[in-house]
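Asker: Just one file: start.txt, with compact mmCIF, C-alpha atoms and all ligand atoms.
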```txt
# COMPACT_ATOMS: atom_id res chain seq x y z
CA MET V 1 37.81 10.80 -13.33
CA ARG V 2 38.84 8.95 -10.18
CA LEU V 3 36.44 6.17 -10.99
CA ARG V 4 37.67 5.86 -14.54
CA GLN V 5 41.21 5.50 -13.31
CA GLY V 6 40.04 2.94 -10.74
CA GLY V 7 38.27 1.01 -13.49
CA ARG V 8 41.38 0.83 -15.57
CA ARG V 9 43.38 -0.44 -12.63
CA VAL V 10 40.84 -3.10 -11.81
CA ASP V 11 40.96 -4.23 -15.44
CA LEU V 12 44.74 -4.27 -15.42
CA VAL V 13 44.89 -6.39 -12.29
CA LEU V 14 42.18 -8.73 -13.60
CA GLY V 15 44.10 -9.11 -16.86
CA LEU V 16 47.31 -9.96 -15.00
CA LEU V 17 45.47 -12.45 -12.78
CA LEU V 18 44.01 -14.17 -15.84
CA LEU V 19 47.46 -14.36 -17.40
CA ALA V 20 48.89 -15.83 -14.18
CA GLY V 21 46.03 -18.34 -14.15
CA VAL V 22 46.63 -19.46 -17.73
CA LEU V 23 50.39 -19.85 -17.20
CA THR V 24 50.20 -21.72 -13.89
CA GLY V 25 47.32 -23.84 -15.21
CA ILE V 26 49.31 -25.00 -18.22
CA ALA V 27 52.44 -25.51 -16.11
CA ALA V 28 50.61 -27.55 -13.47
CA ASN V 29 49.44 -29.91 -16.18
CA THR V 30 52.90 -30.49 -17.60
CA VAL V 31 55.08 -30.90 -14.53
CA GLY V 32 55.26 -34.18 -12.72
CA VAL V 33 55.62 -35.23 -9.11
CA GLY V 34 59.17 -34.23 -8.24
CA TRP V 35 58.10 -30.61 -8.23
CA PRO V 36 58.75 -28.50 -5.11
CA LEU V 37 56.19 -25.78 -5.75
CA ASP V 38 52.45 -26.06 -5.16
CA LEU V 39 51.49 -24.49 -8.47
CA ILE V 40 47.81 -25.07 -7.94
CA GLN V 41 47.99 -22.93 -4.84
CA ILE V 42 49.13 -19.99 -6.97
CA TYR V 43 46.49 -20.92 -9.51
CA ALA V 44 43.77 -20.98 -6.83
CA ALA V 45 45.02 -17.71 -5.34
CA ALA V 46 44.71 -16.02 -8.76
CA ALA V 47 41.18 -17.40 -9.12
CA LEU V 48 40.15 -16.29 -5.63
CA ALA V 49 41.68 -12.85 -6.18
CA ILE V 50 39.50 -12.55 -9.28
CA LEU V 51 36.46 -13.41 -7.17
CA LEU V 52 37.50 -10.85 -4.53
CA LEU V 53 37.70 -8.19 -7.24
CA THR V 54 34.27 -9.06 -8.67
CA PRO V 55 32.30 -6.50 -6.59
CA TRP V 56 34.56 -3.67 -7.80
CA LYS V 57 34.48 -4.90 -11.35
CA PHE V 58 30.71 -5.06 -11.10
CA VAL V 59 30.50 -1.37 -10.18
CA VAL V 60 32.86 -0.39 -12.98
CA ALA V 61 31.16 -2.64 -15.51
CA ARG V 62 27.67 -1.38 -14.71
CA ARG V 63 28.82 2.12 -15.47
CA GLY V 64 30.50 1.01 -18.71
CA LEU V 65 27.44 -0.90 -19.88
CA GLY V 66 25.28 2.15 -19.21
CA LYS V 67 27.39 4.35 -21.49
CA LYS V 68 25.58 5.12 -24.73
CA ARG V 69 28.83 5.92 -26.53
CA ARG V 70 30.35 2.53 -25.94
CA PRO V 71 29.78 0.31 -29.00
CA TRP V 72 27.66 -2.83 -28.50
CA PRO V 73 30.43 -5.29 -29.50
CA VAL V 74 32.50 -4.05 -26.57
CA LYS V 75 29.57 -4.47 -24.23
CA GLY V 76 28.87 -7.96 -25.59
CA LEU V 77 32.49 -8.96 -25.21
CA SER V 78 32.55 -7.62 -21.65
CA LEU V 79 29.57 -9.73 -20.69
CA GLY V 80 30.98 -12.78 -22.50
CA LEU V 81 34.29 -12.38 -20.72
CA ALA V 82 32.62 -12.09 -17.32
CA PHE V 83 30.57 -15.20 -18.07
CA PHE V 84 33.55 -17.33 -19.16
CA VAL V 85 35.75 -16.20 -16.28
CA LEU V 86 33.12 -16.88 -13.64
CA VAL V 87 32.33 -20.31 -15.13
CA ALA V 88 36.05 -21.16 -15.28
CA VAL V 89 36.67 -20.09 -11.69
CA GLY V 90 33.52 -21.77 -10.38
CA SER V 91 34.07 -25.09 -12.16
CA GLY V 92 37.73 -25.16 -11.11
CA LEU V 93 36.97 -24.54 -7.45
CA LEU V 94 34.18 -27.13 -7.48
CA HIS V 95 36.46 -29.70 -9.12
CA SER V 96 39.15 -29.12 -6.51
CA THR V 97 36.82 -30.32 -3.77
CA GLY V 98 36.64 -33.75 -5.42
CA ARG V 99 32.95 -33.86 -4.54
CA ALA V 100 31.49 -33.36 -8.00
CA GLU V 101 32.65 -34.53 -11.39
CA PHE V 102 29.93 -34.03 -13.99
CA VAL V 103 27.54 -31.31 -15.02
CA GLY V 104 25.23 -33.04 -17.48
CA PRO V 105 27.37 -34.86 -20.07
CA LEU V 106 30.49 -32.73 -19.41
CA THR V 107 33.09 -33.12 -16.70
CA LEU V 108 33.93 -30.11 -14.59
CA MET V 109 37.44 -30.19 -16.05
CA GLN V 110 36.07 -30.01 -19.60
CA ILE V 111 33.90 -27.06 -18.59
CA HIS V 112 36.87 -25.49 -16.82
CA VAL V 113 39.29 -25.79 -19.72
CA GLY V 114 36.62 -24.89 -22.30
CA SER V 115 35.55 -21.73 -20.51
CA ALA V 116 39.16 -20.73 -19.85
CA VAL V 117 39.94 -21.01 -23.57
CA GLY V 118 36.75 -19.04 -24.25
CA ALA V 119 37.85 -16.34 -21.80
CA VAL V 120 41.26 -16.00 -23.46
CA VAL V 121 39.71 -15.68 -26.93
CA VAL V 122 37.20 -13.07 -25.74
CA LEU V 123 39.87 -11.22 -23.77
CA VAL V 124 42.04 -10.86 -26.87
CA ALA V 125 39.05 -9.62 -28.90
CA HIS V 126 38.02 -7.28 -26.11
CA PHE V 127 41.52 -5.87 -25.91
CA LEU V 128 41.56 -5.19 -29.66
CA PHE V 129 38.40 -3.08 -29.32
CA HIS V 130 39.05 -1.55 -25.96
CA ALA V 131 42.67 -1.66 -24.93
CA VAL V 132 43.66 -0.96 -21.35
CA ARG V 133 47.16 0.46 -21.18
CA PRO V 134 49.02 0.84 -17.94
CA ARG V 135 50.12 4.39 -17.11
CA ARG V 136 52.91 5.49 -14.91
CA GLY V 137 50.46 6.98 -12.40
CA ASP V 138 48.75 3.59 -11.95
CA ALA V 139 51.39 2.37 -9.55
CA ASP V 140 51.08 5.02 -6.88
CA ARG V 141 51.37 4.19 -3.21
CA ARG V 142 47.69 3.76 -2.59
CA ALA V 143 47.33 1.40 -5.54
CA LEU V 144 50.23 -0.73 -4.34
CA LEU V 145 48.73 -0.83 -0.86
CA ARG V 146 45.44 -2.05 -2.31
CA LEU V 147 47.29 -4.64 -4.33
CA ALA V 148 48.98 -5.89 -1.16
CA VAL V 149 45.59 -6.12 0.57
CA LEU V 150 44.23 -8.08 -2.39
CA GLY V 151 47.23 -10.43 -2.28
CA GLY V 152 46.77 -10.97 1.45
CA GLY V 153 43.06 -11.62 0.98
CA ALA V 154 43.73 -14.12 -1.79
CA ALA V 155 46.35 -15.92 0.34
CA VAL V 156 43.95 -16.24 3.27
CA ALA V 157 41.13 -17.38 0.99
CA THR V 158 43.40 -19.98 -0.62
CA ALA V 159 44.54 -21.34 2.73
CA ALA V 160 40.93 -21.56 3.88
CA TRP V 161 39.87 -23.30 0.66
CA ASP V 162 42.70 -25.83 0.97
CA THR V 163 41.88 -26.48 4.63
CA TRP V 164 38.12 -26.91 4.37
CA ALA V 165 37.19 -27.60 0.76
CA ALA V 166 39.99 -28.87 -1.51
CA THR V 167 41.35 -31.27 1.08
CA ASN V 168 42.45 -34.17 -1.13
CA ARG V 169 43.89 -32.50 -4.17
CA ARG V 170 47.50 -32.99 -5.20
CA PHE V 171 49.79 -30.09 -6.10
CA THR V 172 48.72 -30.72 -9.70
CA GLY V 173 45.10 -30.02 -8.78
CA SER V 174 44.07 -33.64 -9.37
CA VAL V 175 41.66 -35.35 -7.00
CA PRO V 176 42.01 -39.00 -5.88
CA LYS V 177 40.34 -42.08 -7.33
CA ALA V 178 40.54 -45.56 -5.82
CA GLU V 179 40.62 -47.20 -9.25
CA LEU V 180 42.19 -46.22 -12.51
CA GLU V 181 39.84 -44.85 -15.10
CA VAL V 182 40.24 -45.97 -18.71
CA THR V 183 41.37 -42.75 -20.36
CA SER V 184 42.88 -41.73 -23.66
CA TRP V 185 44.58 -38.48 -24.50
CA PHE V 186 42.55 -37.81 -27.60
CA ASN V 187 40.63 -40.59 -29.30
CA ASP V 188 42.70 -43.77 -29.18
CA GLY V 189 40.30 -46.71 -28.99
CA ILE V 190 40.79 -49.66 -26.61
CA GLN V 191 43.05 -52.27 -28.25
CA GLU V 192 42.13 -55.93 -27.76
CA VAL V 193 45.57 -57.36 -28.35
CA ASP V 194 45.80 -61.13 -28.96
CA PRO V 195 48.52 -62.31 -26.56
CA THR V 196 49.69 -65.10 -28.86
CA ALA V 197 50.14 -62.70 -31.77
CA TYR V 198 51.75 -59.95 -29.66
CA ARG V 199 55.25 -58.84 -30.64
CA LEU V 200 57.35 -56.11 -29.07
CA GLY V 201 60.02 -54.62 -31.32
CA VAL V 202 63.15 -53.54 -29.44
CA GLY V 203 65.83 -52.35 -31.83
CA LYS V 204 66.01 -55.09 -34.43
CA ALA V 205 64.84 -57.78 -31.99
CA GLU V 206 61.26 -59.00 -31.58
CA LEU V 207 60.03 -60.25 -28.23
CA ASP V 208 56.87 -62.27 -27.77
CA LEU V 209 54.87 -61.99 -24.57
CA ASP V 210 56.70 -64.88 -22.88
CA ALA V 211 60.02 -63.15 -23.56
CA VAL V 212 58.69 -59.93 -22.02
CA LEU V 213 57.46 -61.84 -18.98
CA ALA V 214 60.90 -63.44 -18.61
CA LEU V 215 62.62 -60.05 -18.19
CA PRO V 216 63.79 -59.02 -14.68
CA ARG V 217 60.60 -57.59 -13.23
CA GLU V 218 59.92 -55.78 -9.97
CA THR V 219 56.87 -54.66 -8.01
CA PHE V 220 56.48 -51.02 -7.01
CA GLU V 221 53.91 -48.30 -6.36
CA ALA V 222 53.36 -45.26 -8.52
CA VAL V 223 50.75 -42.56 -8.99
CA LEU V 224 49.03 -42.10 -12.34
CA ASP V 225 47.99 -38.44 -12.53
CA CYS V 226 45.88 -37.61 -15.57
CA THR V 227 45.49 -34.08 -16.90
CA SER V 228 41.73 -34.65 -16.86
CA GLY V 229 42.02 -34.02 -13.12
CA TRP V 230 42.31 -37.31 -11.20
CA TYR V 231 45.09 -39.43 -9.77
CA SER V 232 45.33 -42.98 -8.51
CA ARG V 233 48.07 -44.80 -6.62
CA GLN V 234 48.52 -48.40 -7.77
CA GLN V 235 50.90 -51.30 -7.39
CA TRP V 236 52.64 -52.12 -10.66
CA HIS V 237 54.77 -55.01 -11.84
CA GLY V 238 57.20 -54.62 -14.69
CA VAL V 239 60.70 -54.10 -16.01
CA ARG V 240 62.80 -50.97 -16.33
CA LEU V 241 63.27 -49.73 -19.91
CA SER V 242 67.04 -49.78 -19.33
CA ALA V 243 66.74 -53.53 -18.64
CA VAL V 244 64.53 -54.10 -21.68
CA LEU V 245 67.19 -52.53 -23.91
CA ALA V 246 70.04 -54.33 -22.16
CA SER V 247 68.33 -57.70 -22.62
CA VAL V 248 68.70 -57.43 -26.39
CA GLY V 249 71.97 -55.47 -26.34
CA VAL V 250 70.54 -52.21 -27.67
CA THR V 251 72.03 -48.88 -26.55
CA PRO V 252 69.72 -45.87 -26.59
CA GLY V 253 70.59 -42.82 -28.68
CA ARG V 254 69.73 -39.50 -27.10
CA SER V 255 66.35 -40.95 -26.32
CA VAL V 256 64.13 -43.97 -26.75
CA GLU V 257 60.95 -43.81 -28.78
CA VAL V 258 58.13 -45.77 -27.18
CA ARG V 259 55.27 -46.36 -29.59
CA SER V 260 51.81 -47.80 -29.11
CA ARG V 261 50.00 -50.09 -31.50
CA THR V 262 47.77 -47.04 -32.11
CA GLY V 263 50.70 -44.86 -33.24
CA TYR V 264 50.71 -42.80 -30.01
CA ALA V 265 54.36 -42.19 -29.05
CA ARG V 266 56.59 -40.42 -26.51
CA TRP V 267 60.38 -40.05 -26.35
CA PHE V 268 62.20 -40.71 -23.07
CA GLY V 269 65.69 -39.31 -22.48
CA ALA V 270 68.54 -41.85 -22.40
CA ASP V 271 69.41 -40.88 -18.82
CA THR V 272 65.87 -41.52 -17.54
CA LEU V 273 65.47 -45.16 -18.59
CA ASP V 274 66.09 -46.60 -15.11
CA ASP V 275 62.97 -44.78 -13.93
CA VAL V 276 60.62 -45.62 -16.77
CA TRP V 277 58.96 -49.01 -16.70
CA LEU V 278 57.33 -51.41 -19.11
CA VAL V 279 54.65 -53.01 -16.93
CA THR V 280 52.44 -56.03 -17.49
CA HIS V 281 50.49 -56.16 -14.20
CA VAL V 282 48.59 -53.78 -11.96
CA GLY V 283 47.31 -54.67 -8.49
CA GLY V 284 48.64 -58.20 -8.93
CA PHE V 285 46.68 -58.90 -12.15
CA PRO V 286 47.56 -58.65 -15.83
CA LEU V 287 46.58 -55.29 -17.33
CA SER V 288 43.07 -55.17 -18.75
CA TYR V 289 42.57 -54.29 -22.42
CA GLY V 290 41.52 -50.76 -21.42
CA HIS V 291 44.64 -50.16 -19.35
CA GLY V 292 47.09 -51.26 -22.04
CA PHE V 293 47.27 -55.08 -22.15
CA PRO V 294 49.69 -56.70 -22.54
CA ALA V 295 52.31 -54.01 -21.78
CA ARG V 296 52.28 -50.30 -21.03
CA ILE V 297 54.59 -47.59 -19.76
CA VAL V 298 54.61 -46.53 -16.13
CA ALA V 299 56.62 -43.33 -15.75
CA PRO V 300 56.59 -42.35 -12.06
CA GLY V 301 56.74 -38.59 -11.67
CA ARG V 302 55.37 -37.87 -15.13
CA ARG V 303 51.82 -37.01 -16.07
CA GLY V 304 49.49 -39.68 -17.45
CA PHE V 305 50.06 -38.77 -21.09
CA TRP V 306 53.56 -40.25 -20.84
CA TRP V 307 52.19 -43.63 -19.78
CA VAL V 308 51.90 -45.10 -23.30
CA LYS V 309 49.49 -48.05 -23.47
CA TRP V 310 49.60 -51.10 -25.79
CA VAL V 311 53.34 -50.68 -26.38
CA THR V 312 54.56 -52.51 -29.49
CA SER V 313 57.84 -50.75 -30.21
CA ILE V 314 60.79 -49.44 -28.19
CA GLN V 315 63.47 -47.92 -30.43
CA PRO V 316 66.66 -45.97 -29.84
CA SER V 317 66.33 -42.49 -31.30
CA ASP V 318 68.56 -39.51 -32.05
CA ARG V 319 65.79 -37.09 -31.11
CA PRO V 320 66.60 -35.12 -27.96
CA PRO V 321 63.72 -35.64 -25.53
CA TRP V 322 62.93 -31.91 -25.46
CA ALA V 323 62.34 -31.96 -29.21
CA GLN V 324 58.83 -33.36 -28.93
CA SER V 325 55.52 -31.65 -28.43
CA PHE V 326 54.84 -30.55 -24.85
CA PHE V 327 51.59 -32.45 -24.94
CA PRO V 328 50.84 -35.26 -27.40
CA LEU V 329 49.35 -33.95 -30.64
CA SER V 330 47.19 -36.96 -31.53
N1 LIG T 401 48.26 -45.47 -26.72
C1 LIG T 401 47.83 -44.56 -25.83
N2 LIG T 401 48.34 -44.55 -24.59
C2 LIG T 401 47.90 -43.64 -23.67
C3 LIG T 401 46.91 -42.67 -24.01
C4 LIG T 401 46.41 -42.69 -25.34
O1 LIG T 401 45.56 -41.88 -25.72
N3 LIG T 401 46.89 -43.64 -26.22
N4 LIG T 401 46.50 -41.76 -23.07
C5 LIG T 401 47.39 -41.48 -21.95
C6 LIG T 401 46.74 -40.74 -20.88
S1 LIG T 401 46.34 -39.13 -21.23
C7 LIG T 401 46.54 -41.27 -19.64
S2 LIG T 401 46.00 -40.30 -18.37
C8 LIG T 401 46.77 -42.69 -19.36
C9 LIG T 401 45.53 -43.32 -18.78
O2 LIG T 401 45.76 -44.64 -18.41
P1 LIG T 401 44.57 -45.57 -17.94
O3 LIG T 401 43.56 -45.61 -19.06
O4 LIG T 401 45.16 -46.90 -17.63
O5 LIG T 401 43.95 -44.94 -16.71
O6 LIG T 401 47.14 -43.41 -20.53
C10 LIG T 401 48.05 -42.74 -21.39
N5 LIG T 401 48.44 -43.66 -22.43
MO MO T 402 45.41 -38.24 -19.29
```
Starting from the coordinates I provided, produce the structure as structure tokens.

Answerer:
Amino acid sequence: MRLRQGGRRVDLVLGLLLLAGVLTGIAANTVGVGWPLDLIQIYAAAALAILLLTPWKFVVARRGLGKKRRPWPVKGLSLGLAFFVLVAVGSGLLHSTGRAEFVGPLTLMQIHVGSAVGAVVVLVAHFLFHAVRPRRGDADRRALLRLAVLGGGAAVATAAWDTWAATNRRFTGSVPKAELEVTSWFNDGIQEVDPTAYRLGVGKAELDLDAVLALPRETFEAVLDCTSGWYSRQQWHGVRLSAVLASVGVTPGRSVEVRSRTGYARWFGADTLDDVWLVTHVGGFPLSYGHGFPARIVAPGRRGFWWVKWVTSIQPSDRPPWAQSFFPLS
């Protein structure tokens, strides 16, 4: 009886830790740089708390698996869930060290996200078969004390991990790279844009490449931080979107739609256009085809998926910037 109650509590805490992991994981991949909270620290603490609970869960699970009454789908789901969670935690921790990137053809981040999605799917199925419901008696003093010990243990483990293992990660969880990596959100192919044929539509005006290069450009540094788990600080050279619009006398609506030759688009709020750049050069050289030649967005403080490459159109829009998908959909 005691053990059964203990098992339910372990499951409850594990379920809450998984939920915390999913929420902070998604949040860390949407927020940008001006963020005061080290979300990945909470994320890592949830993961390490799961690891700390593994020995207890193991005892409980061994008993559950031994039960003849328990139907085999529940047992299968339990094992599947344990597998996905341990793979997700392990691949995430390994990635955070920045010392490994691939396992076979897959990146650690792909394995991490894939197994986390797998865990959520299995958890939902598991719950449908074998629901754990909290009871009032679950939160007695001893249970709360244990929870506090677990929290303390996870905090210490996280601090140790950050000090000795994940030493170079940003608060987003990304690890550093000296050079940019040619990356696309989904499957946009590299565009080999002919510079003589290039036209940039801004409102009703059309600028050729010389006209873009004649705009008031500046040099600055900014960090590209991709949701695939790396970041790179580079020196960029380009013009603020506010200046691009002003040069042709266009006023933004509620936002500005920036569209790539591939159709990929993001909307930037009218009040942010001083801080979003149309750049033509990186590290003192024109952009390469892979990095968005002849012109791309650099949006300091926003994740890589905002940094639209091969920009061919900048249009005022009535769409409020929040009325777009959280992450690009294609
Ligand atoms: N047109 C277009 N622009 C894009 C993408 C894309 O798929 N299509 N991917 C974005 C993502 S997810 C990232 S991280 C950066 C990568 O820029 P890089 O290839 O120069 O490193 O480009 C962004 N711009
Ligand atoms: Mo990205």

Asker: Once you count all atoms listed in the file, which residues end up within 8 Å of ligand MO 402 (chain T), and could you hand them over as a PyMOL selection string?

Answerer: chain V and resi 183-185+225-228+303-305

Asker: For segment 46-61 of chain V, work out the shell of residues within 8 Å, counting all atoms listed in the file and skipping chain neighbours fewer than 6 positions away, then give it as a PyMOL selection string.

Answerer: chain V and resi 3+7+10-11+14+17-18+20-21+89+150-151+153-154+157-158

Asker: Could you tell me, counting all atoms listed in the file, which protein and nucleic acid residues lie no more than 8 Å from ligand LIG 401 (chain T), written as a VMD selection string?

Answerer: chain V and resid 180 to 189 224 to 228 259 to 265 290 to 292 296 to 297 303 to 311 330

Asker: Go ahead and compute the interatomic distance for atom CA of His237 of chain V and atom CA of Gly283 of chain V, in Å to one decimal.

Answerer: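 About the pair atom CA of His237 of chain V and atom CA of Gly283 of chain V: they are 8.2 Å apart.
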
Asker: Mind checking which residues fall within 10 Å of Pro134 of chain V, counting all atoms listed in the file, ignoring those fewer than 4 positions away in the same chain, and posting them as an NGL selection string?

Answerer: :V and (8-9 or 11-12 or 138-139)

Asker: Name all residues at most 10 Å from Pro73 of chain V (count only C-alpha atoms; drop same-chain ones fewer than 6 positions away) and give them as a list in words.

Answerer: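 Everything that qualifies: Leu79, Ala125, His126 and Phe129 of chain V.
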
Asker: At a cut-off of 12 Å, using all atoms listed in the file, what residues contact segment 74-76 of chain V? Leave out same-chain residues fewer than 4 positions from it and give the result as a list in words.

Answerer: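 Counting all atoms listed in the file, the residues come to Ala61, Arg62, Arg63, Gly64, Leu65, Gly66, Lys67, Lys68, Arg69, Arg70, Gly80, Leu81, Ala82, Phe83, Val122, Leu123, Val124, Ala125, His126, Phe127, Leu128, Phe129, His130 and Ala131 of chain V.
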
Asker: Do you have the atom CA of Ser91 of chain V-atom CA of Ala116 of chain V distance handy?

Answerer: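 Distance between the two atoms: 10.2 Å.
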
Asker: Which one is closest to Arg142 of chain V: V:Pro328, V:Pro176, V:Gly6, V:Pro294? Count only C-alpha atoms.

Answerer: V:Gly6

Asker: Pick the closest to Tyr198 of chain V from V:Ala295, V:Leu19, V:Leu106, V:Leu86: which is it, counting all atoms listed in the file?

Answerer: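 Ranked by minimum distance to Tyr198 of chain V, first place goes to V:Ala295.
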
Asker: At what distance in Å, to one decimal, does atom CA of Gly203 of chain V lie from atom CA of Ser255 of chain V?

Answerer: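 Going from atom CA of Ser255 of chain V over to atom CA of Gly203 of chain V covers 12.7 Å.
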
Asker: Given the choices V:Phe84, V:Trp230, V:Trp322, V:Trp164, which gets closest to Ser115 of chain V if the distance is worked out from only C-alpha atoms?

Answerer: V:Phe84

Asker: Point out the residue among V:Gly229, V:Gly92, V:Pro216, V:Gly269 with the least atom-to-atom distance to Ala243 of chain V, counting all atoms listed in the file.

Answerer: V:Pro216

Asker: Go through V:Val117, V:Leu213, V:Ala323, V:Ala100 and flag the residue nearest Gly25 of chain V, using all atoms listed in the file for the distances.

Answerer: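 When distances to Gly25 of chain V are compared using all atoms listed in the file, the smallest one comes from V:Val117.
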
Asker: Point out the residue among V:Arg199, V:Arg266, V:Arg99, V:Ala119 with the least atom-to-atom distance to Ala165 of chain V, counting all atoms listed in the file.

Answerer: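 Of all the options, V:Arg99 lies closest to Ala165 of chain V.
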
Asker: Counting all atoms listed in the file, what is within 7 Å of Phe220 of chain V, bar same-chain residues fewer than 2 positions away, as a PyMOL selection string?

Answerer: chain V and resi 218+222+235-237

Asker: Would you compute an axis-aligned box for segment 69-73 of chain V, covering every atom listed for it in the file with 3 Å of margin on each side, and report centre and edge lengths in Å to one decimal as lines of an AutoDock Vina configuration file?

Answerer:
```
center_x = 29.0
center_y = 0.3
center_z = -27.7
size_x = 8.8
size_y = 17.2
size_z = 9.6
```

Asker: Would you mind completing segment 177-200 of chain V so that it carries N, CA and C atoms, and writing it out as an mmCIF file, keeping the file's coordinate frame?

Answerer:
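result_28.cif written:
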```cif
data_model
loop_
_atom_site.group_PDB
_atom_site.id
_atom_site.type_symbol
_atom_site.label_atom_id
_atom_site.label_comp_id
_atom_site.auth_asym_id
_atom_site.auth_seq_id
_atom_site.Cartn_x
_atom_site.Cartn_y
_atom_site.Cartn_z
ATOM 1 N N LYS V 177 41.286 -41.026 -6.949
ATOM 2 C CA LYS V 177 40.340 -42.080 -7.330
ATOM 3 C C LYS V 177 40.921 -43.403 -6.851
ATOM 4 N N ALA V 178 40.066 -44.262 -6.313
ATOM 5 C CA ALA V 178 40.540 -45.560 -5.820
ATOM 6 C C ALA V 178 41.006 -46.427 -6.979
ATOM 7 N N GLU V 179 40.286 -46.367 -8.088
ATOM 8 C CA GLU V 179 40.620 -47.200 -9.250
ATOM 9 C C GLU V 179 41.033 -46.327 -10.414
ATOM 10 N N LEU V 180 41.849 -46.924 -11.277
ATOM 11 C CA LEU V 180 42.190 -46.220 -12.510
ATOM 12 C C LEU V 180 40.949 -46.083 -13.377
ATOM 13 N N GLU V 181 40.931 -45.039 -14.172
ATOM 14 C CA GLU V 181 39.840 -44.850 -15.100
ATOM 15 C C GLU V 181 40.401 -45.020 -16.510
ATOM 16 N N VAL V 182 39.731 -45.811 -17.340
ATOM 17 C CA VAL V 182 40.240 -45.970 -18.710
ATOM 18 C C VAL V 182 40.143 -44.622 -19.406
ATOM 19 N N THR V 183 41.292 -44.106 -19.827
ATOM 20 C CA THR V 183 41.370 -42.750 -20.360
ATOM 21 C C THR V 183 42.258 -42.744 -21.590
ATOM 22 N N SER V 184 41.916 -41.949 -22.582
ATOM 23 C CA SER V 184 42.880 -41.730 -23.660
ATOM 24 C C SER V 184 43.081 -40.235 -23.812
ATOM 25 N N TRP V 185 44.244 -39.889 -24.365
ATOM 26 C CA TRP V 185 44.580 -38.480 -24.500
ATOM 27 C C TRP V 185 43.606 -37.795 -25.444
ATOM 28 N N PHE V 186 43.391 -38.448 -26.599
ATOM 29 C CA PHE V 186 42.550 -37.810 -27.600
ATOM 30 C C PHE V 186 41.439 -38.778 -27.988
ATOM 31 N N ASN V 187 41.704 -39.666 -28.923
ATOM 32 C CA ASN V 187 40.630 -40.590 -29.300
ATOM 33 C C ASN V 187 41.119 -41.998 -29.586
ATOM 34 N N ASP V 188 42.247 -42.396 -29.007
ATOM 35 C CA ASP V 188 42.700 -43.770 -29.180
ATOM 36 C C ASP V 188 41.653 -44.741 -28.631
ATOM 37 N N GLY V 189 41.277 -45.716 -29.446
ATOM 38 C CA GLY V 189 40.300 -46.710 -28.990
ATOM 39 C C GLY V 189 41.007 -47.819 -28.217
ATOM 40 N N ILE V 190 40.238 -48.533 -27.368
ATOM 41 C CA ILE V 190 40.790 -49.660 -26.610
ATOM 42 C C ILE V 190 41.242 -50.745 -27.582
ATOM 43 N N GLN V 191 42.479 -51.236 -27.385
ATOM 44 C CA GLN V 191 43.050 -52.270 -28.250
ATOM 45 C C GLN V 191 42.860 -53.638 -27.588
ATOM 46 N N GLU V 192 42.269 -54.579 -28.310
ATOM 47 C CA GLU V 192 42.130 -55.930 -27.760
ATOM 48 C C GLU V 192 43.222 -56.785 -28.379
ATOM 49 N N VAL V 193 44.397 -56.712 -27.771
ATOM 50 C CA VAL V 193 45.570 -57.360 -28.350
ATOM 51 C C VAL V 193 45.531 -58.867 -28.058
ATOM 52 N N ASP V 194 45.733 -59.670 -29.103
ATOM 53 C CA ASP V 194 45.800 -61.130 -28.960
ATOM 54 C C ASP V 194 47.177 -61.494 -28.403
ATOM 55 N N PRO V 195 47.224 -62.074 -27.191
ATOM 56 C CA PRO V 195 48.520 -62.310 -26.560
ATOM 57 C C PRO V 195 49.423 -63.256 -27.346
ATOM 58 N N THR V 196 48.838 -64.177 -28.111
ATOM 59 C CA THR V 196 49.690 -65.100 -28.860
ATOM 60 C C THR V 196 50.310 -64.416 -30.073
ATOM 61 N N ALA V 197 49.622 -63.398 -30.581
ATOM 62 C CA ALA V 197 50.140 -62.700 -31.770
ATOM 63 C C ALA V 197 51.015 -61.509 -31.387
ATOM 64 N N TYR V 198 51.053 -61.160 -30.103
ATOM 65 C CA TYR V 198 51.750 -59.950 -29.660
ATOM 66 C C TYR V 198 53.255 -60.028 -29.920
ATOM 67 N N ARG V 199 53.802 -58.954 -30.491
ATOM 68 C CA ARG V 199 55.250 -58.840 -30.640
ATOM 69 C C ARG V 199 55.672 -57.441 -30.215
ATOM 70 N N LEU V 200 56.788 -57.393 -29.470
ATOM 71 C CA LEU V 200 57.350 -56.110 -29.070
ATOM 72 C C LEU V 200 58.677 -55.928 -29.796
#
```
